[in-house]
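Colleague: This is the content of final-v2.pdb (PDB, C-alpha atoms and all ligand atoms):
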```pdb
ATOM      1  CA  MET A  31     -12.025  18.354  -2.238
ATOM      2  CA  LEU A  32     -11.753  15.691   0.491
ATOM      3  CA  THR A  33      -9.065  15.950   3.151
ATOM      4  CA  ILE A  34      -7.451  12.623   3.949
ATOM      5  CA  PRO A  35      -5.840  12.722   7.404
ATOM      6  CA  ALA A  36      -2.122  12.148   7.882
ATOM      7  CA  VAL A  37      -0.116  10.034  10.317
ATOM      8  CA  THR A  38       3.578  10.248  11.187
ATOM      9  CA  LEU A  39       5.884   7.347  10.337
ATOM     10  CA  ASN A  40       8.672   6.081  12.621
ATOM     11  CA  ASP A  41      11.182   8.191  10.655
ATOM     12  CA  GLY A  42       9.207  11.398  11.298
ATOM     13  CA  GLN A  43       7.795  11.626   7.768
ATOM     14  CA  SER A  44       4.148  12.303   7.079
ATOM     15  CA  PHE A  45       2.017   9.539   5.564
ATOM     16  CA  ALA A  46      -1.640   9.322   4.563
ATOM     17  CA  GLU A  47      -4.375   7.341   6.288
ATOM     18  CA  LEU A  48      -5.662   6.221   2.853
ATOM     19  CA  GLY A  49      -4.165   6.153  -0.644
ATOM     20  CA  LEU A  50      -4.731   5.076  -4.234
ATOM     21  CA  GLY A  51      -3.682   1.649  -5.569
ATOM     22  CA  THR A  52      -2.632   1.884  -9.218
ATOM     23  CA  TYR A  53      -2.238  -1.763 -10.243
ATOM     24  CA  ASN A  54      -3.654  -2.045 -13.795
ATOM     25  CA  LEU A  55      -4.025   1.737 -14.239
ATOM     26  CA  ARG A  56      -2.093   2.172 -17.467
ATOM     27  CA  GLY A  57      -2.118   4.268 -20.619
ATOM     28  CA  GLU A  58      -4.080   7.492 -21.081
ATOM     29  CA  GLU A  59      -7.054   6.102 -19.139
ATOM     30  CA  GLY A  60      -4.742   5.257 -16.285
ATOM     31  CA  ILE A  61      -3.247   8.767 -16.267
ATOM     32  CA  GLU A  62      -6.712  10.322 -16.223
ATOM     33  CA  ALA A  63      -7.798   8.053 -13.379
ATOM     34  CA  ILE A  64      -4.792   9.060 -11.286
ATOM     35  CA  VAL A  65      -5.329  12.767 -12.063
ATOM     36  CA  SER A  66      -8.973  12.474 -10.975
ATOM     37  CA  ALA A  67      -7.960  10.783  -7.722
ATOM     38  CA  ILE A  68      -5.510  13.591  -6.929
ATOM     39  CA  ALA A  69      -8.224  16.142  -7.717
ATOM     40  CA  SER A  70     -10.507  14.333  -5.219
ATOM     41  CA  GLY A  71      -7.914  14.692  -2.476
ATOM     42  CA  TYR A  72      -5.729  11.562  -2.712
ATOM     43  CA  ARG A  73      -2.113  12.315  -1.867
ATOM     44  CA  LEU A  74      -0.620   8.805  -1.501
ATOM     45  CA  LEU A  75      -0.058   6.954  -4.799
ATOM     46  CA  ASP A  76       1.043   3.303  -4.847
ATOM     47  CA  THR A  77       2.950   2.034  -7.870
ATOM     48  CA  ALA A  78       5.684  -0.574  -8.522
ATOM     49  CA  VAL A  79       8.217  -1.410 -11.209
ATOM     50  CA  ASN A  80       6.114  -4.486 -11.958
ATOM     51  CA  TYR A  81       2.922  -2.471 -12.532
ATOM     52  CA  GLU A  82       4.616  -1.032 -15.636
ATOM     53  CA  ASN A  83       2.885   2.297 -15.010
ATOM     54  CA  GLU A  84       5.517   4.466 -13.319
ATOM     55  CA  ARG A  85       5.540   6.710 -16.440
ATOM     56  CA  GLU A  86       1.779   7.142 -16.156
ATOM     57  CA  VAL A  87       2.028   7.976 -12.447
ATOM     58  CA  GLY A  88       4.723  10.579 -13.185
ATOM     59  CA  GLU A  89       2.676  12.097 -15.999
ATOM     60  CA  ALA A  90      -0.424  12.276 -13.758
ATOM     61  CA  ILE A  91       1.628  14.109 -11.120
ATOM     62  CA  ARG A  92       2.772  16.651 -13.695
ATOM     63  CA  ARG A  93      -0.796  17.157 -14.954
ATOM     64  CA  ALA A  94      -2.368  17.391 -11.496
ATOM     65  CA  ASP A  95      -3.032  20.722  -9.921
ATOM     66  CA  VAL A  96      -1.118  20.107  -6.683
ATOM     67  CA  ASP A  97       2.377  20.746  -5.423
ATOM     68  CA  ARG A  98       4.510  17.651  -6.017
ATOM     69  CA  ASP A  99       5.791  17.919  -2.433
ATOM     70  CA  ASP A 100       2.250  17.381  -1.139
ATOM     71  CA  LEU A 101       2.186  13.932  -2.785
ATOM     72  CA  ILE A 102       3.550  10.715  -1.329
ATOM     73  CA  VAL A 103       4.795   8.541  -4.175
ATOM     74  CA  THR A 104       5.478   4.884  -3.403
ATOM     75  CA  SER A 105       7.288   2.432  -5.648
ATOM     76  CA  LYS A 106       8.562  -1.106  -5.135
ATOM     77  CA  ILE A 107      11.689  -3.059  -6.040
ATOM     78  CA  PRO A 108      10.861  -6.278  -7.937
ATOM     79  CA  GLY A 109      12.431  -9.662  -7.196
ATOM     80  CA  ARG A 110      14.716  -9.543 -10.232
ATOM     81  CA  HIS A 111      16.383  -6.395  -8.823
ATOM     82  CA  HIS A 112      17.251  -7.851  -5.410
ATOM     83  CA  GLY A 113      20.787  -7.199  -4.142
ATOM     84  CA  ARG A 114      22.497  -4.179  -2.547
ATOM     85  CA  ALA A 115      23.776  -2.396  -5.674
ATOM     86  CA  GLU A 116      20.866  -3.683  -7.758
ATOM     87  CA  ALA A 117      18.384  -2.061  -5.372
ATOM     88  CA  VAL A 118      19.957   1.374  -5.861
ATOM     89  CA  ASP A 119      19.988   0.862  -9.646
ATOM     90  CA  SER A 120      16.338  -0.203  -9.527
ATOM     91  CA  ILE A 121      15.385   2.959  -7.637
ATOM     92  CA  ARG A 122      17.276   5.103 -10.159
ATOM     93  CA  GLY A 123      15.283   3.383 -12.918
ATOM     94  CA  SER A 124      12.000   4.116 -11.116
ATOM     95  CA  LEU A 125      12.995   7.778 -10.660
ATOM     96  CA  ASP A 126      13.789   8.001 -14.348
ATOM     97  CA  ARG A 127      10.419   6.546 -15.405
ATOM     98  CA  LEU A 128       8.521   8.647 -12.860
ATOM     99  CA  GLY A 129      10.437  11.757 -13.901
ATOM    100  CA  LEU A 130      10.970  12.610 -10.222
ATOM    101  CA  GLU A 131      14.024  13.408  -8.143
ATOM    102  CA  ARG A 132      12.814  11.568  -5.058
ATOM    103  CA  ILE A 133      10.546   8.673  -4.181
ATOM    104  CA  ASP A 134       8.716   9.304  -0.919
ATOM    105  CA  LEU A 135       8.297   5.689   0.164
ATOM    106  CA  GLN A 136      10.309   2.879  -1.376
ATOM    107  CA  LEU A 137       9.336  -0.733  -0.637
ATOM    108  CA  ILE A 138      10.763  -4.190  -1.378
ATOM    109  CA  HIS A 139       7.822  -5.727  -3.266
ATOM    110  CA  TRP A 140       8.145  -9.391  -2.207
ATOM    111  CA  PRO A 141      10.835 -10.963   0.019
ATOM    112  CA  ASN A 142      11.399 -14.014  -2.238
ATOM    113  CA  PRO A 143      13.037 -15.983   0.627
ATOM    114  CA  SER A 144      14.367 -18.812  -1.556
ATOM    115  CA  VAL A 145      16.546 -16.261  -3.401
ATOM    116  CA  GLY A 146      18.041 -15.126  -0.066
ATOM    117  CA  LYS A 147      18.738 -11.498  -1.001
ATOM    118  CA  TYR A 148      16.140  -9.420   0.822
ATOM    119  CA  LEU A 149      18.606  -8.395   3.549
ATOM    120  CA  ASP A 150      21.119  -7.171   0.949
ATOM    121  CA  THR A 151      18.266  -5.397  -0.812
ATOM    122  CA  TRP A 152      17.364  -3.691   2.474
ATOM    123  CA  ARG A 153      20.987  -2.521   2.836
ATOM    124  CA  GLY A 154      20.696  -1.047  -0.673
ATOM    125  CA  MET A 155      17.522   0.781   0.356
ATOM    126  CA  ILE A 156      19.396   2.270   3.327
ATOM    127  CA  ASP A 157      22.136   3.383   0.891
ATOM    128  CA  ALA A 158      19.513   4.955  -1.391
ATOM    129  CA  ARG A 159      18.021   6.856   1.526
ATOM    130  CA  GLU A 160      21.486   8.141   2.497
ATOM    131  CA  GLN A 161      21.960   9.273  -1.117
ATOM    132  CA  GLY A 162      18.669  11.213  -0.979
ATOM    133  CA  LEU A 163      17.002   9.118  -3.676
ATOM    134  CA  VAL A 164      14.188   8.054  -1.355
ATOM    135  CA  ARG A 165      12.692   9.612   1.763
ATOM    136  CA  SER A 166      11.196   6.686   3.671
ATOM    137  CA  ILE A 167      11.985   2.991   3.297
ATOM    138  CA  GLY A 168       9.781   0.033   4.033
ATOM    139  CA  VAL A 169       8.849  -3.419   2.829
ATOM    140  CA  SER A 170       5.902  -5.339   1.477
ATOM    141  CA  ASN A 171       4.790  -8.888   2.188
ATOM    142  CA  PHE A 172       7.317  -9.356   5.001
ATOM    143  CA  THR A 173       6.604 -11.757   7.851
ATOM    144  CA  GLU A 174       7.397 -11.123  11.510
ATOM    145  CA  ALA A 175      10.536 -13.305  11.223
ATOM    146  CA  MET A 176      11.771 -11.399   8.163
ATOM    147  CA  LEU A 177      11.134  -8.017   9.803
ATOM    148  CA  THR A 178      12.996  -9.162  12.902
ATOM    149  CA  GLU A 179      15.975 -10.170  10.766
ATOM    150  CA  LEU A 180      16.113  -6.764   9.024
ATOM    151  CA  ILE A 181      15.925  -4.932  12.339
ATOM    152  CA  GLN A 182      18.513  -7.118  14.083
ATOM    153  CA  GLU A 183      20.995  -7.052  11.197
ATOM    154  CA  THR A 184      20.802  -3.347  10.297
ATOM    155  CA  GLY A 185      19.186  -1.554  13.242
ATOM    156  CA  VAL A 186      16.858   0.153  10.737
ATOM    157  CA  VAL A 187      13.172  -0.491  11.351
ATOM    158  CA  PRO A 188      11.038  -0.396   8.178
ATOM    159  CA  ALA A 189       8.653   2.555   8.218
ATOM    160  CA  VAL A 190       5.871   0.553   6.548
ATOM    161  CA  ASN A 191       4.950  -3.067   5.792
ATOM    162  CA  GLN A 192       2.378  -3.261   2.983
ATOM    163  CA  VAL A 193       0.569  -6.588   3.238
ATOM    164  CA  GLU A 194      -2.584  -8.356   2.163
ATOM    165  CA  LEU A 195      -5.215  -7.130   4.618
ATOM    166  CA  HIS A 196      -9.026  -7.075   4.392
ATOM    167  CA  PRO A 197     -11.857  -8.437   6.546
ATOM    168  CA  TYR A 198     -11.281 -11.949   5.184
ATOM    169  CA  PHE A 199      -7.608 -11.718   6.257
ATOM    170  CA  PRO A 200      -7.257  -9.189   9.093
ATOM    171  CA  GLN A 201      -3.630 -10.026  10.013
ATOM    172  CA  GLY A 202      -4.140  -9.659  13.781
ATOM    173  CA  ALA A 203      -0.761 -11.079  14.871
ATOM    174  CA  LEU A 204       1.279  -9.177  12.290
ATOM    175  CA  ARG A 205      -0.507  -5.900  13.117
ATOM    176  CA  ALA A 206       0.320  -6.391  16.789
ATOM    177  CA  PHE A 207       3.998  -6.893  15.889
ATOM    178  CA  HIS A 208       3.932  -3.740  13.759
ATOM    179  CA  ALA A 209       2.400  -1.748  16.628
ATOM    180  CA  GLU A 210       5.082  -2.998  19.007
ATOM    181  CA  HIS A 211       7.859  -1.858  16.633
ATOM    182  CA  GLY A 212       6.335   1.354  15.278
ATOM    183  CA  ILE A 213       5.869  -0.034  11.754
ATOM    184  CA  ARG A 214       2.892   1.452   9.869
ATOM    185  CA  THR A 215       0.630  -1.217   8.380
ATOM    186  CA  GLU A 216      -0.579  -0.634   4.808
ATOM    187  CA  SER A 217      -3.380  -2.820   3.402
ATOM    188  CA  TRP A 218      -3.224  -4.171  -0.145
ATOM    189  CA  SER A 219      -6.395  -5.444  -1.815
ATOM    190  CA  PRO A 220      -8.272  -3.650   1.000
ATOM    191  CA  LEU A 221     -11.633  -4.386  -0.662
ATOM    192  CA  ALA A 222     -10.599  -8.023  -1.178
ATOM    193  CA  ARG A 223     -10.605  -7.124  -4.890
ATOM    194  CA  ARG A 224     -14.333  -6.612  -4.446
ATOM    195  CA  SER A 225     -15.042 -10.413  -4.428
ATOM    196  CA  ASP A 226     -18.034 -11.289  -2.180
ATOM    197  CA  LEU A 227     -17.012  -8.931   0.575
ATOM    198  CA  LEU A 228     -19.184  -5.951  -0.295
ATOM    199  CA  ALA A 229     -22.319  -8.148  -0.306
ATOM    200  CA  GLU A 230     -21.681  -9.700   3.133
ATOM    201  CA  GLN A 231     -24.806  -9.240   5.313
ATOM    202  CA  LEU A 232     -22.768  -7.788   8.178
ATOM    203  CA  ILE A 233     -21.207  -5.189   5.892
ATOM    204  CA  THR A 234     -24.495  -4.166   4.247
ATOM    205  CA  ASP A 235     -26.203  -3.982   7.682
ATOM    206  CA  LEU A 236     -23.448  -1.705   9.031
ATOM    207  CA  ALA A 237     -23.652   0.417   5.886
ATOM    208  CA  ALA A 238     -27.381   0.943   6.548
ATOM    209  CA  ILE A 239     -26.766   1.780  10.228
ATOM    210  CA  HIS A 240     -24.150   4.425   9.382
ATOM    211  CA  ASP A 241     -25.861   5.613   6.190
ATOM    212  CA  VAL A 242     -22.742   4.947   4.119
ATOM    213  CA  THR A 243     -21.849   2.392   1.425
ATOM    214  CA  PRO A 244     -20.478  -1.131   2.072
ATOM    215  CA  THR A 245     -17.139  -0.034   0.625
ATOM    216  CA  GLN A 246     -16.977   2.850   3.085
ATOM    217  CA  VAL A 247     -17.634   0.478   5.995
ATOM    218  CA  VAL A 248     -14.720  -1.717   4.920
ATOM    219  CA  LEU A 249     -12.319   1.175   4.360
ATOM    220  CA  ARG A 250     -13.257   2.799   7.671
ATOM    221  CA  TRP A 251     -12.524  -0.558   9.359
ATOM    222  CA  HIS A 252      -8.973  -0.428   7.920
ATOM    223  CA  THR A 253      -8.344   3.088   9.181
ATOM    224  CA  GLN A 254      -9.664   2.215  12.653
ATOM    225  CA  LEU A 255      -7.219  -0.729  12.724
ATOM    226  CA  GLN A 256      -4.488   1.923  12.179
ATOM    227  CA  SER A 257      -3.764   0.558   8.714
ATOM    228  CA  THR A 258      -3.577   2.622   5.521
ATOM    229  CA  PRO A 259      -5.769   1.070   2.793
ATOM    230  CA  ILE A 260      -4.876   1.734  -0.856
ATOM    231  CA  PRO A 261      -8.082   0.892  -2.755
ATOM    232  CA  LYS A 262      -7.718   0.888  -6.515
ATOM    233  CA  SER A 263     -10.469   2.439  -8.590
ATOM    234  CA  ALA A 264     -10.381   3.689 -12.147
ATOM    235  CA  ASP A 265     -13.677   5.521 -11.639
ATOM    236  CA  ALA A 266     -13.824   9.107 -10.302
ATOM    237  CA  ASP A 267     -17.085   8.574  -8.377
ATOM    238  CA  ARG A 268     -15.848   5.391  -6.734
ATOM    239  CA  GLN A 269     -12.532   7.078  -5.904
ATOM    240  CA  ARG A 270     -14.422   9.841  -4.071
ATOM    241  CA  GLU A 271     -16.638   7.295  -2.309
ATOM    242  CA  ASN A 272     -13.560   5.364  -1.179
ATOM    243  CA  ALA A 273     -11.793   8.399   0.232
ATOM    244  CA  ASP A 274     -14.841   9.766   2.044
ATOM    245  CA  VAL A 275     -14.587   7.595   5.150
ATOM    246  CA  PHE A 276     -13.485  10.007   7.849
ATOM    247  CA  GLY A 277     -16.877  11.445   8.756
ATOM    248  CA  PHE A 278     -18.187   8.478  10.757
ATOM    249  CA  SER A 279     -16.810   5.905  13.195
ATOM    250  CA  LEU A 280     -17.471   2.231  13.756
ATOM    251  CA  THR A 281     -17.802   1.106  17.368
ATOM    252  CA  ASP A 282     -15.144  -1.240  18.802
ATOM    253  CA  GLU A 283     -17.744  -4.036  18.671
ATOM    254  CA  GLN A 284     -18.436  -3.327  14.987
ATOM    255  CA  VAL A 285     -14.703  -3.339  14.193
ATOM    256  CA  ALA A 286     -14.365  -6.690  15.990
ATOM    257  CA  ALA A 287     -17.398  -8.124  14.185
ATOM    258  CA  ILE A 288     -15.904  -7.206  10.792
ATOM    259  CA  SER A 289     -12.606  -8.841  11.798
ATOM    260  CA  GLY A 290     -14.701 -11.920  12.584
ATOM    261  CA  LEU A 291     -15.272 -12.413   8.842
ATOM    262  CA  GLU A 292     -11.743 -13.880   8.707
ATOM    263  CA  ARG A 293     -11.430 -16.872   6.414
ATOM    264  CA  GLY A 294      -7.960 -16.574   4.855
ATOM    265  CA  ARG A 295      -5.975 -15.117   1.984
ATOM    266  CA  LEU A 296      -7.655 -14.261  -1.324
ATOM    267  CA  TRP A 297      -5.205 -16.420  -3.249
ATOM    268  CA  ASP A 298      -2.033 -18.237  -2.324
ATOM    269  CA  GLY A 299       0.015 -15.107  -1.581
ATOM    270  CA  ASP A 300       1.877 -16.496   1.432
ATOM    271  CA  PRO A 301       5.224 -14.626   1.430
ATOM    272  CA  ASP A 302       7.029 -17.669   2.844
ATOM    273  CA  THR A 303       6.280 -19.498  -0.397
ATOM    274  CA  HIS A 304       4.899 -17.094  -3.029
ATOM    275  CA  GLU A 305       7.657 -15.333  -4.970
ATOM    276  CA  GLU A 306       7.485 -12.721  -7.725
ATOM    277  CA  MET A 307      10.323 -11.614  -9.949
TER     278      MET A 307
HETATM  279  N1  LIG B 401       2.356  -5.151  -2.428
HETATM  280  C1  LIG B 401       1.671  -6.098  -3.069
HETATM  281  O1  LIG B 401       2.132  -7.238  -3.193
HETATM  282  C2  LIG B 401       0.347  -5.782  -3.622
HETATM  283  C3  LIG B 401      -0.059  -4.469  -3.719
HETATM  284  N2  LIG B 401      -1.284  -4.135  -4.238
HETATM  285  C4  LIG B 401      -1.657  -2.706  -4.248
HETATM  286  O2  LIG B 401      -2.927  -2.574  -3.612
HETATM  287  C5  LIG B 401      -3.815  -1.879  -4.487
HETATM  288  C6  LIG B 401      -5.259  -2.262  -4.233
HETATM  289  O3  LIG B 401      -5.449  -3.639  -4.352
HETATM  290  P1  LIG B 401      -6.252  -4.330  -5.557
HETATM  291  O4  LIG B 401      -5.714  -5.697  -5.698
HETATM  292  O5  LIG B 401      -6.200  -3.447  -6.722
HETATM  293  O6  LIG B 401      -7.720  -4.513  -4.997
HETATM  294  P2  LIG B 401      -8.840  -3.629  -4.258
HETATM  295  O7  LIG B 401      -9.210  -4.386  -3.040
HETATM  296  O8  LIG B 401      -8.409  -2.221  -4.145
HETATM  297  O9  LIG B 401     -10.059  -3.759  -5.261
HETATM  298  C7  LIG B 401     -10.038  -3.173  -6.529
HETATM  299  C8  LIG B 401     -11.334  -3.579  -7.237
HETATM  300  O10 LIG B 401     -12.452  -3.038  -6.531
HETATM  301  C9  LIG B 401     -13.222  -2.213  -7.412
HETATM  302  N3  LIG B 401     -13.708  -1.076  -6.641
HETATM  303  C10 LIG B 401     -12.989  -0.039  -6.144
HETATM  304  N4  LIG B 401     -13.765   0.812  -5.476
HETATM  305  C11 LIG B 401     -15.015   0.320  -5.537
HETATM  306  C12 LIG B 401     -16.270   0.763  -5.031
HETATM  307  N5  LIG B 401     -16.382   1.896  -4.331
HETATM  308  N6  LIG B 401     -17.374   0.004  -5.295
HETATM  309  C13 LIG B 401     -17.262  -1.132  -6.013
HETATM  310  N7  LIG B 401     -16.109  -1.612  -6.505
HETATM  311  C14 LIG B 401     -14.990  -0.889  -6.277
HETATM  312  C15 LIG B 401     -12.275  -1.804  -8.523
HETATM  313  O11 LIG B 401     -12.967  -1.564  -9.727
HETATM  314  P3  LIG B 401     -12.951  -0.112 -10.479
HETATM  315  O12 LIG B 401     -11.525   0.225 -10.769
HETATM  316  O13 LIG B 401     -13.774  -0.366 -11.693
HETATM  317  O14 LIG B 401     -13.607   0.863  -9.531
HETATM  318  C16 LIG B 401     -11.400  -3.058  -8.653
HETATM  319  O15 LIG B 401     -12.060  -4.041  -9.428
HETATM  320  C17 LIG B 401      -3.286  -2.247  -5.875
HETATM  321  O16 LIG B 401      -3.819  -1.413  -6.879
HETATM  322  C18 LIG B 401      -1.802  -2.120  -5.654
HETATM  323  O17 LIG B 401      -1.431  -0.754  -5.682
HETATM  324  C19 LIG B 401      -2.157  -5.120  -4.636
HETATM  325  C20 LIG B 401      -1.789  -6.452  -4.585
HETATM  326  C21 LIG B 401      -0.509  -6.889  -4.087
HETATM  327  O1  LIG B 402      -0.260  -6.042  -7.288
HETATM  328  C1  LIG B 402       0.814  -6.383  -6.761
HETATM  329  O2  LIG B 402       1.535  -5.617  -6.136
HETATM  330  C2  LIG B 402       1.254  -7.741  -6.887
HETATM  331  O3  LIG B 402       2.210  -8.158  -6.280
HETATM  332  C3  LIG B 402       0.468  -8.523  -7.856
HETATM  333  O4  LIG B 402       1.314  -9.093  -8.791
HETATM  334  C4  LIG B 402      -0.270  -9.572  -7.156
HETATM  335  O5  LIG B 402       0.668 -10.421  -6.671
HETATM  336  C5  LIG B 402      -1.201 -10.222  -8.077
HETATM  337  O6  LIG B 402      -2.057  -9.559  -8.593
HETATM  338  C6  LIG B 402      -1.093 -11.664  -8.311
HETATM  339  O7  LIG B 402      -2.264 -12.085  -8.955
END
```
As structure tokens, what does this structure read like?

Modeller:
Amino acid sequence: MLTIPAVTLNDGQSFAELGLGTYNLRGEEGIEAIVSAIASGYRLLDTAVNYENEREVGEAIRRADVDRDDLIVTSKIPGRHHGRAEAVDSIRGSLDRLGLERIDLQLIHWPNPSVGKYLDTWRGMIDAREQGLVRSIGVSNFTEAMLTELIQETGVVPAVNQVELHPYFPQGALRAFHAEHGIRTESWSPLARRSDLLAEQLITDLAAIHDVTPTQVVLRWHTQLQSTPIPKSADADRQRENADVFGFSLTDEQVAAISGLERGRLWDGDPDTHEEM
């Protein structure tokens, strides 16, 4: 079994350097995929109310041969549950579907700025943490200005900001802000949803140099940027490949060259304008 290293969040809790994305892992196949990832060594599982698979994630945890307390279960509050009381209710609903007594990392999925309720939602997350429903609280798709507002208004710094991050969109400025404030960066669509990234000449050349796969080059790049990637794979072999990235290191020049592939977001997921309910 692979050992995925841990890091410590700003609230003192342990977090993984790499986890499993579960978007689109549903039904019996989804459960089996999540069980196989846990058997490979994954400990961080990323779900959301809107993935409609919290039941599958909970069932996989019950079937897996590991102590529940060794797992880090993340879920996310959808836009339609924004608001202080609504956030707590949403978390209770997630706990019910997961069949768990505690969520390890709870995120706000999208800020939905035109709705104007993400600050109230954050206050609800703080309430939920005080009630012991969740262990760590963070956000997803928050900009520097939105993070600053949360911190100034509540004094509570999110433990994590999960954002679009891959070599085509390396998020240099936002990562620097996170580092300054002790916020752990987490990368969604870390493989750029496969797209053209894995066939880029630079990536295949580096894979040959390090005797690893293109996917491993990309995921190692994330970890060396101090960001936690959550690649999704339904396939046990690809899950193992994706998690096996801690036995080699890219040079600083190679990390910088990969960041030089920057060309923009995969789709129009700008959190100032893109909203999801
Ligand atoms: N907070 C947010 O707003 C968002 C969060 N997310 C989270 O991030 C996770 C990951 O992002 P996602 O969008 O799924 O995209 P990824 O970048 O993780 O890419 C997933 C795709 O890559 C394929 N793949 C995985 N491993 C390999 C490999 N070793 N070789 C070749 N192909 C591979 C998968 O296919 P296969 O399964 O067949 O292996 C799948 O088609 C999501 O599952 C979700 O948990 C995603 C988007 C937004
Ligand atoms: O996967 C997620 O967490 C999302 O927020 C998705 O809905 C994502 O926005 C997407 O896949 C849109 O095409």

Colleague: Which residues come within 7 Å of A:Ser219, counting all atoms listed in the file, excluding same-chain residues fewer than 5 positions away, as a list in words?

Modeller: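 Non-adjacent residues within range: Glu194, Leu195, His196 and Pro261 of chain A.
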
Colleague: Any chance you can output those residues with C-alpha atoms as an mmCIF file, in the coordinates of the input?

Modeller:
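Contents of out_2.cif, freshly written:
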```cif
data_model
loop_
_atom_site.group_PDB
_atom_site.id
_atom_site.type_symbol
_atom_site.label_atom_id
_atom_site.label_comp_id
_atom_site.auth_asym_id
_atom_site.auth_seq_id
_atom_site.Cartn_x
_atom_site.Cartn_y
_atom_site.Cartn_z
ATOM 1 C CA GLU A 194 -2.584 -8.356 2.163
ATOM 2 C CA LEU A 195 -5.215 -7.130 4.618
ATOM 3 C CA HIS A 196 -9.026 -7.075 4.392
ATOM 4 C CA PRO A 261 -8.082 0.892 -2.755
#
```

Colleague: Residues of chain A that approach ligand LIG 402 (chain B) to 8 Å or less, counting only C-alpha atoms and all ligand atoms: could you list each one with the shortest pair of atoms and its distance in Å to one decimal, rows by chain and increasing residue number, as a Markdown table?

Modeller:
```
| residue | atom | partner | partner_atom | distance |
| --- | --- | --- | --- | --- |
| A:Tyr53 | CA | B:LIG402 | O1 | 5.6 |
| A:Thr77 | CA | B:LIG402 | O2 | 8.0 |
| A:Ala78 | CA | B:LIG402 | O2 | 7.0 |
| A:Asn80 | CA | B:LIG402 | O4 | 7.4 |
| A:Tyr81 | CA | B:LIG402 | O1 | 7.1 |
| A:His139 | CA | B:LIG402 | O3 | 6.8 |
| A:Trp140 | CA | B:LIG402 | O3 | 7.3 |
| A:Trp218 | CA | B:LIG402 | O2 | 7.8 |
| A:Trp297 | CA | B:LIG402 | O7 | 7.7 |
| A:Gly299 | CA | B:LIG402 | O5 | 6.9 |
| A:Glu306 | CA | B:LIG402 | O3 | 7.1 |
```

Colleague: Can you write just those residues out, C-alpha atoms, as a CSV table (one decimal), keeping the file's coordinate frame?

Modeller:
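Result saved to out_20.csv:
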```csv
chain,number,residue,atom,x,y,z
A,53,TYR,CA,-2.2,-1.8,-10.2
A,77,THR,CA,3.0,2.0,-7.9
A,78,ALA,CA,5.7,-0.6,-8.5
A,80,ASN,CA,6.1,-4.5,-12.0
A,81,TYR,CA,2.9,-2.5,-12.5
A,139,HIS,CA,7.8,-5.7,-3.3
A,140,TRP,CA,8.1,-9.4,-2.2
A,218,TRP,CA,-3.2,-4.2,-0.1
A,297,TRP,CA,-5.2,-16.4,-3.2
A,299,GLY,CA,0.0,-15.1,-1.6
A,306,GLU,CA,7.5,-12.7,-7.7
```

Colleague: Can you translate the PyMOL selection byres (((chain A and resi 65-69) around 10) and not hetatm) into the concrete residues it hits in this file, as a count of residues only?

Modeller: 37

Colleague: Got a sec to resolve the PyMOL selection byres (((chain A and resi 175) around 12) and not hetatm) on this structure and send the residues as a list in words?

Modeller: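 Selection result, ordered by chain and number: Pro141, Pro143, Asn171, Phe172, Thr173, Glu174, Met176, Leu177, Thr178, Glu179, Leu180, Ile181, Gln182, Leu204, Phe207, His208, Pro301 and Asp302 of chain A.
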
Colleague: Which residue, A:Glu271, A:Gln192, A:Ser289, A:His112, has the smallest gap to A:Ser144 when you use all atoms listed in the file?

Modeller: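 Of A:Glu271, A:Gln192, A:Ser289, A:His112, the one nearest A:Ser144, counting all atoms listed in the file, is A:His112.
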
Colleague: Determine, counting only C-alpha atoms, which protein, DNA and RNA residues have an atom within 12 Å of an atom of A:Asp41; residues of the same chain fewer than 3 positions away are not included. Present the result as a PDB file with C-alpha atoms, in the coordinates of the input.

Modeller:
```pdb
ATOM      1  CA  VAL A  37      -0.116  10.034  10.317  1.00  0.00           C
ATOM      2  CA  THR A  38       3.578  10.248  11.187  1.00  0.00           C
ATOM      3  CA  SER A  44       4.148  12.303   7.079  1.00  0.00           C
ATOM      4  CA  PHE A  45       2.017   9.539   5.564  1.00  0.00           C
ATOM      5  CA  ASP A 134       8.716   9.304  -0.919  1.00  0.00           C
ATOM      6  CA  LEU A 135       8.297   5.689   0.164  1.00  0.00           C
ATOM      7  CA  ARG A 159      18.021   6.856   1.526  1.00  0.00           C
ATOM      8  CA  ARG A 165      12.692   9.612   1.763  1.00  0.00           C
ATOM      9  CA  SER A 166      11.196   6.686   3.671  1.00  0.00           C
ATOM     10  CA  ILE A 167      11.985   2.991   3.297  1.00  0.00           C
ATOM     11  CA  GLY A 168       9.781   0.033   4.033  1.00  0.00           C
ATOM     12  CA  VAL A 186      16.858   0.153  10.737  1.00  0.00           C
ATOM     13  CA  VAL A 187      13.172  -0.491  11.351  1.00  0.00           C
ATOM     14  CA  PRO A 188      11.038  -0.396   8.178  1.00  0.00           C
ATOM     15  CA  ALA A 189       8.653   2.555   8.218  1.00  0.00           C
ATOM     16  CA  VAL A 190       5.871   0.553   6.548  1.00  0.00           C
ATOM     17  CA  GLY A 212       6.335   1.354  15.278  1.00  0.00           C
ATOM     18  CA  ILE A 213       5.869  -0.034  11.754  1.00  0.00           C
ATOM     19  CA  ARG A 214       2.892   1.452   9.869  1.00  0.00           C
TER      20      ARG A 214
END
```

Colleague: With all atoms listed in the file as the basis for distance, which of A:Val285, A:Leu125, A:Ala229, A:Leu149 is at the shortest distance from ligand LIG 401 (chain B)?

Modeller: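 Checking each candidate against ligand LIG 401 (chain B), we get A:Ala229 as the closest.
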
Colleague: Quick one: distance from atom CA of A:Ile133 to atom CA of A:Leu296 in Å, one decimal?

Modeller: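 Computing the Euclidean distance for atom CA of A:Ile133 and atom CA of A:Leu296 yields 29.4 Å.
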
Colleague: Using only C-alpha atoms and all ligand atoms, pick whichever of A:Val79, A:Ala158, A:Ile239, A:Ile34 has the shortest atom-to-atom distance to ligand LIG 401 (chain B).

Modeller: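 Using only C-alpha atoms and all ligand atoms, ligand LIG 401 (chain B) sits closest to A:Val79.
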